[in-house]
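Student: Provided below: input-v1.txt, containing compact mmCIF, C-alpha atoms.
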# COMPACT_ATOMS: atom_id res chain seq x y z
CA MET P 3 0.00 0.00 0.00
CA LYS P 4 0.99 3.62 -0.56
CA PRO P 5 3.01 5.62 1.95
CA TYR P 6 0.07 8.09 2.05
CA ALA P 7 1.60 9.49 5.24
CA PRO P 8 -1.53 10.06 7.33
CA ASP P 9 0.86 11.53 9.92
CA THR P 10 1.37 14.50 7.55
CA ARG P 11 -2.36 15.15 7.47
CA GLU P 12 -2.66 14.71 11.22
CA VAL P 13 0.29 17.02 11.93
CA LEU P 14 -1.33 19.66 9.74
CA GLY P 15 -4.63 19.22 11.58
CA LEU P 16 -6.62 18.30 8.47
CA PRO P 17 -9.65 15.98 8.39
CA ALA P 18 -9.47 12.34 7.36
CA PRO P 19 -9.65 11.78 3.57
CA VAL P 20 -12.82 10.75 1.77
CA PRO P 21 -12.02 8.29 -1.04
CA VAL P 22 -13.54 8.99 -4.47
CA LEU P 23 -12.81 6.29 -7.05
CA GLY P 24 -9.77 5.27 -5.02
CA THR P 25 -8.24 8.73 -4.55
CA PRO P 26 -8.21 9.96 -0.91
CA LEU P 27 -9.56 13.51 -1.10
CA ILE P 28 -9.18 15.89 1.85
CA PRO P 29 -12.43 17.63 2.89
CA THR P 30 -11.17 21.14 3.58
CA THR P 31 -11.73 24.81 2.78
CA TYR P 32 -9.57 27.62 1.41
CA HIS P 33 -9.06 29.09 4.86
CA GLY P 34 -8.50 25.72 6.52
CA LEU P 35 -5.89 24.55 4.02
CA ILE P 36 -3.99 27.84 3.95
CA ALA P 37 -3.90 27.97 7.75
CA SER P 38 -2.77 24.35 8.01
CA LEU P 39 0.05 24.74 5.50
CA ARG P 40 1.20 28.00 7.07
CA GLY P 41 1.28 26.32 10.46
CA ARG P 42 3.78 23.76 9.22
CA ALA P 43 7.24 24.20 10.74
CA LYS P 44 9.88 25.46 8.30
CA ASP P 45 12.16 22.52 9.08
CA ALA P 46 9.37 19.94 8.71
CA PRO P 47 9.50 17.28 5.95
CA PRO P 48 8.27 18.37 2.50
CA VAL P 49 4.56 18.26 1.74
CA ALA P 50 3.16 17.52 -1.74
CA VAL P 51 -0.31 18.97 -2.35
CA SER P 52 -2.27 18.24 -5.52
CA PHE P 53 -5.43 20.09 -6.53
CA VAL P 54 -7.18 17.38 -8.52
CA ASN P 55 -10.15 17.34 -10.86
CA THR P 56 -12.22 14.46 -12.22
CA GLN P 57 -9.62 13.86 -14.94
CA ILE P 58 -6.87 12.98 -12.47
CA VAL P 59 -9.17 10.92 -10.26
CA SER P 60 -10.35 8.93 -13.30
CA HIS P 61 -6.81 8.63 -14.64
CA ARG P 62 -5.59 7.22 -11.33
CA ARG P 63 -8.48 4.72 -11.23
CA ALA P 64 -7.97 3.60 -14.84
CA HIS P 65 -4.16 3.37 -14.82
CA PRO P 66 -2.58 1.50 -11.87
CA GLU P 67 0.89 2.58 -12.96
CA PHE P 68 -0.11 6.27 -12.67
CA GLN P 69 -1.74 5.61 -9.31
CA ALA P 70 1.49 3.98 -8.13
CA LEU P 71 3.52 6.87 -9.53
CA THR P 72 1.49 9.41 -7.54
CA ARG P 73 1.18 7.55 -4.23
CA ASP P 74 3.80 9.72 -2.56
CA ILE P 75 1.58 12.81 -2.86
CA ASP P 76 0.50 13.72 0.67
CA LEU P 77 -2.72 15.65 0.09
CA PHE P 78 -5.21 15.37 -2.75
CA ILE P 79 -7.52 18.41 -2.68
CA PRO P 80 -10.91 18.42 -4.51
CA ASP P 81 -10.61 21.07 -7.23
CA GLY P 82 -13.88 20.23 -9.02
CA MET P 83 -17.51 20.40 -7.86
CA PRO P 84 -18.36 16.87 -9.10
CA LEU P 85 -15.74 15.58 -6.64
CA VAL P 86 -17.32 17.65 -3.86
CA TRP P 87 -20.74 16.19 -4.69
CA CYS P 88 -19.30 12.67 -4.48
CA MET P 89 -17.64 13.48 -1.15
CA ASN P 90 -20.85 14.97 0.24
CA ARG P 91 -22.66 11.79 -0.72
CA ALA P 92 -20.22 10.09 1.67
CA GLY P 93 -20.93 12.63 4.43
CA ALA P 94 -18.25 15.28 3.88
CA ASP P 95 -20.72 18.21 4.12
CA LEU P 96 -18.62 20.58 2.00
CA GLU P 97 -20.04 23.82 0.64
CA ASP P 98 -17.42 24.44 -2.04
CA ARG P 99 -14.39 23.01 -3.79
CA VAL P 100 -10.87 24.37 -3.28
CA PHE P 101 -10.12 25.69 -6.77
CA GLY P 102 -6.36 25.86 -7.43
CA PRO P 103 -6.29 29.37 -8.97
CA GLU P 104 -8.48 30.80 -6.21
CA PHE P 105 -6.41 29.07 -3.52
CA MET P 106 -3.22 30.54 -4.97
CA ARG P 107 -4.73 34.04 -5.20
CA ARG P 108 -5.95 33.92 -1.59
CA ALA P 109 -2.65 32.57 -0.32
CA LEU P 110 -0.62 35.28 -2.06
CA GLU P 111 -3.11 38.03 -1.22
CA THR P 112 -2.84 37.29 2.51
CA GLU P 113 0.93 36.76 2.65
CA ASP P 114 2.82 38.42 5.48
CA GLY P 115 6.31 38.26 3.95
CA THR P 116 7.60 35.40 6.11
CA ARG P 117 7.58 32.84 3.27
CA THR P 118 9.35 32.67 -0.08
CA HIS P 119 7.77 31.39 -3.30
CA TYR P 120 8.97 29.76 -6.52
CA ILE P 121 7.19 29.06 -9.83
CA LEU P 122 7.63 25.79 -11.73
CA GLY P 123 5.80 25.86 -15.05
CA GLY P 124 4.09 28.17 -17.48
CA THR P 125 5.80 30.16 -20.22
CA SER P 126 8.27 32.97 -19.70
CA GLU P 127 5.47 35.41 -20.56
CA CYS P 128 3.26 33.77 -17.95
CA GLY P 129 5.98 34.09 -15.33
CA ALA P 130 6.68 37.72 -16.14
CA ARG P 131 3.00 38.66 -16.00
CA LEU P 132 2.44 36.76 -12.77
CA LEU P 133 5.44 38.34 -11.07
CA HIS P 134 4.35 41.79 -12.27
CA ARG P 135 0.88 41.24 -10.81
CA ALA P 136 2.37 39.93 -7.55
CA ALA P 137 4.60 42.99 -7.19
CA ASN P 138 1.62 45.31 -7.64
CA GLU P 139 -1.17 43.45 -5.87
CA TRP P 140 0.54 41.08 -3.41
CA PRO P 141 3.80 42.85 -2.47
CA ALA P 142 4.31 40.70 0.65
CA ALA P 143 4.51 37.56 -1.51
CA ARG P 144 8.26 37.16 -2.06
CA PHE P 145 9.12 35.23 -5.23
CA VAL P 146 12.74 34.09 -5.33
CA GLY P 147 12.86 32.28 -8.69
CA SER P 148 11.08 30.46 -11.49
CA TYR P 149 11.54 27.79 -14.13
CA HIS P 150 9.51 27.77 -17.33
CA GLY P 151 10.81 24.71 -19.14
CA ARG P 152 9.15 21.42 -19.97
CA CYS P 153 8.19 18.41 -17.90
CA SER P 154 8.05 14.80 -19.11
CA GLU P 155 5.21 12.36 -18.50
CA ASP P 156 7.13 10.77 -15.63
CA GLY P 157 7.74 14.12 -13.94
CA ARG P 158 11.29 14.89 -15.05
CA LEU P 159 12.20 18.52 -15.68
CA GLY P 160 13.71 19.89 -18.87
CA ASP P 161 14.99 18.28 -22.04
CA SER P 162 18.04 16.68 -20.45
CA LYS P 163 19.39 15.41 -17.17
CA GLU P 164 21.78 18.35 -17.10
CA GLU P 165 18.91 20.83 -17.32
CA GLU P 166 16.99 19.10 -14.55
CA ASP P 167 20.09 18.95 -12.36
CA ARG P 168 20.59 22.69 -12.83
CA VAL P 169 17.02 23.46 -11.75
CA LEU P 170 17.26 21.13 -8.76
CA ARG P 171 20.53 22.75 -7.68
CA GLU P 172 18.86 26.15 -7.83
CA LEU P 173 15.93 24.92 -5.77
CA ASP P 174 18.26 23.34 -3.22
CA ALA P 175 20.17 26.61 -2.93
CA LEU P 176 17.07 28.83 -2.64
CA ARG P 177 15.00 26.40 -0.53
CA PRO P 178 11.73 28.26 -1.19
CA ASP P 179 8.92 27.70 1.29
CA TRP P 180 6.12 27.24 -1.26
CA ILE P 181 6.70 25.95 -4.80
CA TRP P 182 3.80 26.48 -7.23
CA ILE P 183 3.68 23.89 -10.06
CA GLY P 184 1.67 24.32 -13.25
CA MET P 185 2.90 21.69 -15.72
CA GLY P 186 -0.31 20.09 -16.97
CA GLU P 187 -2.48 17.83 -14.85
CA ALA P 188 -0.86 14.39 -15.22
CA ARG P 189 2.70 15.67 -15.55
CA GLN P 190 2.56 17.94 -12.54
CA ASN P 191 1.29 15.08 -10.38
CA ALA P 192 4.22 12.92 -11.47
CA LEU P 193 6.55 15.85 -10.75
CA LEU P 194 4.97 16.38 -7.33
CA ALA P 195 5.61 12.77 -6.39
CA ARG P 196 9.25 12.99 -7.53
CA MET P 197 9.87 16.20 -5.61
CA ARG P 198 8.27 14.69 -2.50
CA GLN P 199 10.78 11.84 -2.71
CA ARG P 200 13.94 13.81 -3.45
CA SER P 201 13.57 17.08 -1.54
CA ASP P 202 13.81 17.78 2.18
CA PHE P 203 12.04 21.15 2.23
CA GLY P 204 9.00 23.07 1.11
CA VAL P 205 5.31 22.89 0.37
CA TRP P 206 4.95 21.69 -3.23
CA LEU P 207 1.61 22.68 -4.75
CA GLY P 208 0.26 21.34 -8.04
CA VAL P 209 -2.17 24.06 -9.13
CA GLY P 210 -2.57 23.34 -12.85
CA CYS P 211 -3.95 26.29 -14.81
CA ALA P 212 -3.59 28.68 -11.85
CA LEU P 213 -0.39 30.22 -13.22
CA ASP P 214 -1.99 31.10 -16.57
CA MET P 215 -5.24 32.29 -14.99
CA LEU P 216 -3.59 34.55 -12.42
CA ALA P 217 -1.25 35.87 -15.11
CA GLY P 218 -4.29 36.83 -17.21
CA LEU P 219 -3.51 34.43 -20.04
CA GLN P 220 -6.61 32.30 -19.42
CA PRO P 221 -10.04 33.58 -18.35
CA ILE P 222 -11.31 32.51 -14.93
CA PRO P 223 -14.81 30.97 -15.00
CA PRO P 224 -17.50 33.16 -13.41
CA GLY P 225 -18.54 32.20 -9.89
CA TRP P 226 -21.95 30.83 -10.82
CA MET P 227 -20.40 28.42 -13.34
CA GLN P 228 -17.90 27.26 -10.73
CA LYS P 229 -20.67 26.61 -8.20
CA ALA P 230 -22.70 24.70 -10.79
CA GLY P 231 -19.76 22.48 -11.73
CA LEU P 232 -19.54 24.03 -15.18
CA SER P 233 -15.98 25.35 -15.14
CA TRP P 234 -15.09 22.76 -17.76
CA VAL P 235 -17.72 24.24 -20.12
CA HIS P 236 -16.14 27.67 -19.72
CA ARG P 237 -12.64 26.33 -20.45
CA TRP P 238 -13.92 24.29 -23.39
CA ALA P 239 -15.67 27.33 -24.89
CA HIS P 240 -12.41 29.29 -24.84
CA ALA P 241 -10.22 26.47 -26.22
CA PRO P 242 -12.44 23.90 -27.96
CA ALA P 243 -9.71 22.45 -30.17
CA ARG P 244 -7.51 21.67 -27.18
CA MET P 245 -10.13 20.66 -24.64
CA THR P 246 -12.74 18.67 -26.62
CA GLY P 247 -10.82 15.39 -26.70
CA ARG P 248 -9.81 15.60 -23.04
CA TYR P 249 -13.31 16.32 -21.76
CA ALA P 250 -15.00 13.80 -24.04
CA LYS P 251 -12.68 11.09 -22.73
CA TYR P 252 -12.37 11.87 -19.03
CA ASN P 253 -15.83 13.26 -18.27
CA THR P 254 -17.32 10.12 -19.79
CA LEU P 255 -14.83 7.90 -18.00
CA PHE P 256 -15.58 9.54 -14.65
CA ILE P 257 -19.32 9.00 -15.07
CA LEU P 258 -18.83 5.35 -16.04
CA GLN P 259 -16.46 4.73 -13.13
CA PHE P 260 -18.83 6.40 -10.70
CA LEU P 261 -21.76 4.33 -11.94
CA ASP P 262 -19.68 1.17 -11.64
CA GLU P 263 -18.77 2.04 -8.04
CA PHE P 264 -22.39 2.92 -7.24
CA LEU P 265 -23.69 -0.35 -8.66
CA ASN P 266 -20.86 -2.49 -7.27
CA PRO P 267 -19.91 -0.89 -3.92
CA THR P 268 -18.24 -4.03 -2.57
CA THR P 269 -15.59 -3.97 -5.31
CA ALA P 270 -14.89 -0.21 -5.16
CA PRO P 271 -11.35 0.84 -4.20
CA SER P 272 -11.17 2.33 -0.72
CA GLY P 273 -8.36 4.81 -1.43
CA ASP P 274 -4.57 4.68 -1.51
Will you turn the file into structure tokens for me?

Tutor:
Amino acid sequence: MKPYAPDTREVLGLPAPVPVLGTPLIPTTYHGLIASLRGRAKDAPPVAVSFVNTQIVSHRRAHPEFQALTRDIDLFIPDGMPLVWCMNRAGADLEDRVFGPEFMRRALETEDGTRTHYILGGTSECGARLLHRAANEWPAARFVGSYHGRCSEDGRLGDSKEEEDRVLRELDALRPDWIWIGMGEARQNALLARMRQRSDFGVWLGVGCALDMLAGLQPIPPGWMQKAGLSWVHRWAHAPARMTGRYAKYNTLFILQFLDEFLNPTTAPSGD
């Protein structure tokens, strides 16, 4: 079984996970998660936090090798309303999801200058825009570096071992407190798991499209669409060529997996 590290959750004072299709999701809120992560001691072991949607949950259920690859992630946070609805069916009593872009905005907006931040992902333009916004709107959020290269399917940085080694040396030298990762859903989860294994510092946060959204390169879905679980429709409408195949595959897969678990509860996975 996975080294899910329930001690990490308990040390942070977070509730017990609620499994959805085999992924242990933490029932928490924006305020609760920010407070818990800020309460972590600076010299504590690293924490890997993934904001997951139905795509990742379905991908983990359908591909045992990906589930094994991501078992070292400490906290899976429900980023989509369909996941919240599934958790509430199991008694979670949540009012909202914890949307990665909104979590990142709230965390940076309420910074007090005692933590340092680093960006892993996005384009150079994305990084420049995000840092410009941070300097103007969240001046207490201290960014100490960024990397805007590629990430492989198994979570390796850059186009060569030398490039990855250079980035890892920089991270080891800077030892940022919070590292924000936006490398694409599956890739960033693989990267999170690798960083959890090889680093001895930091809160590593896989926030997906948050970098592009906060940089103003992608529109943020309006609140009513988020509440209704229609964020995917908003993203699809703005990038149909890129999103149609993904949503057709994974939205359908999630529904089929959920129906299978509902009809066959005794064979459903209980979580990592």

Student: Mind checking which residues fall within 9 Å of Asp45 (chain P), counting only C-alpha atoms, ignoring those fewer than 3 positions away in the same chain, and posting them as number ranges by chain?

Tutor: P: 42, 48, 202-204

Student: Counting only C-alpha atoms, note down every residue that has an atom within 12 Å of the point (4.2, 18.9, -4.3) (file coordinates), as a compact mmCIF listing (two decimals) with C-alpha atoms, in the coordinates of the input.

Tutor:
# COMPACT_ATOMS: atom_id res chain seq x y z
CA PRO P 47 9.50 17.28 5.95
CA PRO P 48 8.27 18.37 2.50
CA VAL P 49 4.56 18.26 1.74
CA ALA P 50 3.16 17.52 -1.74
CA VAL P 51 -0.31 18.97 -2.35
CA SER P 52 -2.27 18.24 -5.52
CA PHE P 53 -5.43 20.09 -6.53
CA THR P 72 1.49 9.41 -7.54
CA ARG P 73 1.18 7.55 -4.23
CA ASP P 74 3.80 9.72 -2.56
CA ILE P 75 1.58 12.81 -2.86
CA ASP P 76 0.50 13.72 0.67
CA LEU P 77 -2.72 15.65 0.09
CA PHE P 78 -5.21 15.37 -2.75
CA ILE P 79 -7.52 18.41 -2.68
CA ILE P 121 7.19 29.06 -9.83
CA LEU P 122 7.63 25.79 -11.73
CA GLY P 157 7.74 14.12 -13.94
CA ASP P 179 8.92 27.70 1.29
CA TRP P 180 6.12 27.24 -1.26
CA ILE P 181 6.70 25.95 -4.80
CA TRP P 182 3.80 26.48 -7.23
CA ILE P 183 3.68 23.89 -10.06
CA GLY P 184 1.67 24.32 -13.25
CA MET P 185 2.90 21.69 -15.72
CA ARG P 189 2.70 15.67 -15.55
CA GLN P 190 2.56 17.94 -12.54
CA ASN P 191 1.29 15.08 -10.38
CA ALA P 192 4.22 12.92 -11.47
CA LEU P 193 6.55 15.85 -10.75
CA LEU P 194 4.97 16.38 -7.33
CA ALA P 195 5.61 12.77 -6.39
CA ARG P 196 9.25 12.99 -7.53
CA MET P 197 9.87 16.20 -5.61
CA ARG P 198 8.27 14.69 -2.50
CA GLN P 199 10.78 11.84 -2.71
CA ARG P 200 13.94 13.81 -3.45
CA SER P 201 13.57 17.08 -1.54
CA ASP P 202 13.81 17.78 2.18
CA PHE P 203 12.04 21.15 2.23
CA GLY P 204 9.00 23.07 1.11
CA VAL P 205 5.31 22.89 0.37
CA TRP P 206 4.95 21.69 -3.23
CA LEU P 207 1.61 22.68 -4.75
CA GLY P 208 0.26 21.34 -8.04
CA VAL P 209 -2.17 24.06 -9.13
CA GLY P 210 -2.57 23.34 -12.85

Student: Please list as a ChimeraX atom specification every residue within 7 Å of region 143-152 of chain P, counting only C-alpha atoms and excluding residues in the same chain fewer than 5 positions away.

Tutor: /P:110,113,115,117-126,136,159-161

Student: Please identify all polymer residues within 9 Å of Pro29 (chain P), counting only C-alpha atoms, omitting same-chain residues fewer than 6 positions from it, and present them as a ChimeraX atom specification.

Tutor: /P:16-20,79-80,86,89,94-96,99

Student: Limited to C-alpha atoms, could you put the picked residues into a file as a PDB file, in the coordinates of the input?

Tutor:
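Once everything was written out, this is again_37.pdb:
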ATOM      1  CA  LEU P  16      -6.620  18.300   8.470  1.00  0.00           C
ATOM      2  CA  PRO P  17      -9.650  15.980   8.390  1.00  0.00           C
ATOM      3  CA  ALA P  18      -9.470  12.340   7.360  1.00  0.00           C
ATOM      4  CA  PRO P  19      -9.650  11.780   3.570  1.00  0.00           C
ATOM      5  CA  VAL P  20     -12.820  10.750   1.770  1.00  0.00           C
ATOM      6  CA  ILE P  79      -7.520  18.410  -2.680  1.00  0.00           C
ATOM      7  CA  PRO P  80     -10.910  18.420  -4.510  1.00  0.00           C
ATOM      8  CA  VAL P  86     -17.320  17.650  -3.860  1.00  0.00           C
ATOM      9  CA  MET P  89     -17.640  13.480  -1.150  1.00  0.00           C
ATOM     10  CA  ALA P  94     -18.250  15.280   3.880  1.00  0.00           C
ATOM     11  CA  ASP P  95     -20.720  18.210   4.120  1.00  0.00           C
ATOM     12  CA  LEU P  96     -18.620  20.580   2.000  1.00  0.00           C
ATOM     13  CA  ARG P  99     -14.390  23.010  -3.790  1.00  0.00           C
TER      14      ARG P  99
END

Student: For CA of Val100 (chain P) and CA of Ser38 (chain P), quote the distance in Å rounded to one decimal.

Tutor: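 One can read the CA of Val100 (chain P) to CA of Ser38 (chain P) distance as 13.9 Å.
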
Student: What does the distance between CA of Glu127 (chain P) and CA of Ala188 (chain P) come to in Å, to one decimal place?

Tutor: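 Answer for the CA of Glu127 (chain P) to CA of Ala188 (chain P) separation: 22.6 Å.
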
Student: Which value, in Å to one decimal, gives the distance between CA of Arg131 (chain P) and CA of Cys211 (chain P)?

Tutor: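 CA of Cys211 (chain P) lies 14.2 Å from CA of Arg131 (chain P).
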
Student: Using only C-alpha atoms, which of P:Asp174, P:Asp156, P:Asp9, P:Asp81 sits nearest Ile58 (chain P)?

Tutor: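 Of P:Asp174, P:Asp156, P:Asp9, P:Asp81, the one nearest Ile58 (chain P) is P:Asp81, counting only C-alpha atoms.
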
Student: Counting all atoms listed in the file, which residue out of P:Thr112, P:Asn90, P:Thr25, P:Ser154 sits closest to His61 (chain P)?

Tutor: P:Thr25

Student: Write out as AutoDock Vina command-line options an axis-aligned box for region 136-147 of chain P: all of its atoms listed in the file, 8 Å added on each side, centre and edge lengths in Å with one decimal.

Tutor:
--center_x 5.8 --center_y 38.8 --center_z -4.0 --size_x 30.0 --size_y 29.0 --size_z 25.3

Student: So that I can see what lies close to Pro271 (chain P), please list as a list of chain:residue names the residues with an atom at most 10 Å from it, counting all atoms listed in the file and leaving out residues fewer than 3 positions away in the same chain.

Tutor: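 Residues near the query, excluding close chain neighbours: P:Pro21, P:Val22, P:Leu23, P:Gly24, P:Thr25, P:Arg63, P:Glu263, P:Pro267, P:Thr268, P:Asp274.
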
Student: Give me the residues near region 248-258 of chain P as a ChimeraX atom specification, where near means some atom within 8 Å (using all atoms listed in the file) and where sequence neighbours in that chain fewer than 5 positions away do not count.

Tutor: /P:56-57,59-61,234

Student: Taking only C-alpha atoms into account, name the residue in P:Tyr32, P:Phe68, P:Trp87, P:Phe101 that is nearest to Val54 (chain P).

Tutor: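 For Val54 (chain P), the nearest of the candidates is P:Phe101.
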
Student: Hey, which of P:Gly273, P:Pro223, P:Pro66, P:Gly129 ends up closest to Trp238 (chain P)? Count all atoms listed in the file.

Tutor: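 Among the listed residues, the smallest separation from Trp238 (chain P) belongs to P:Pro223.
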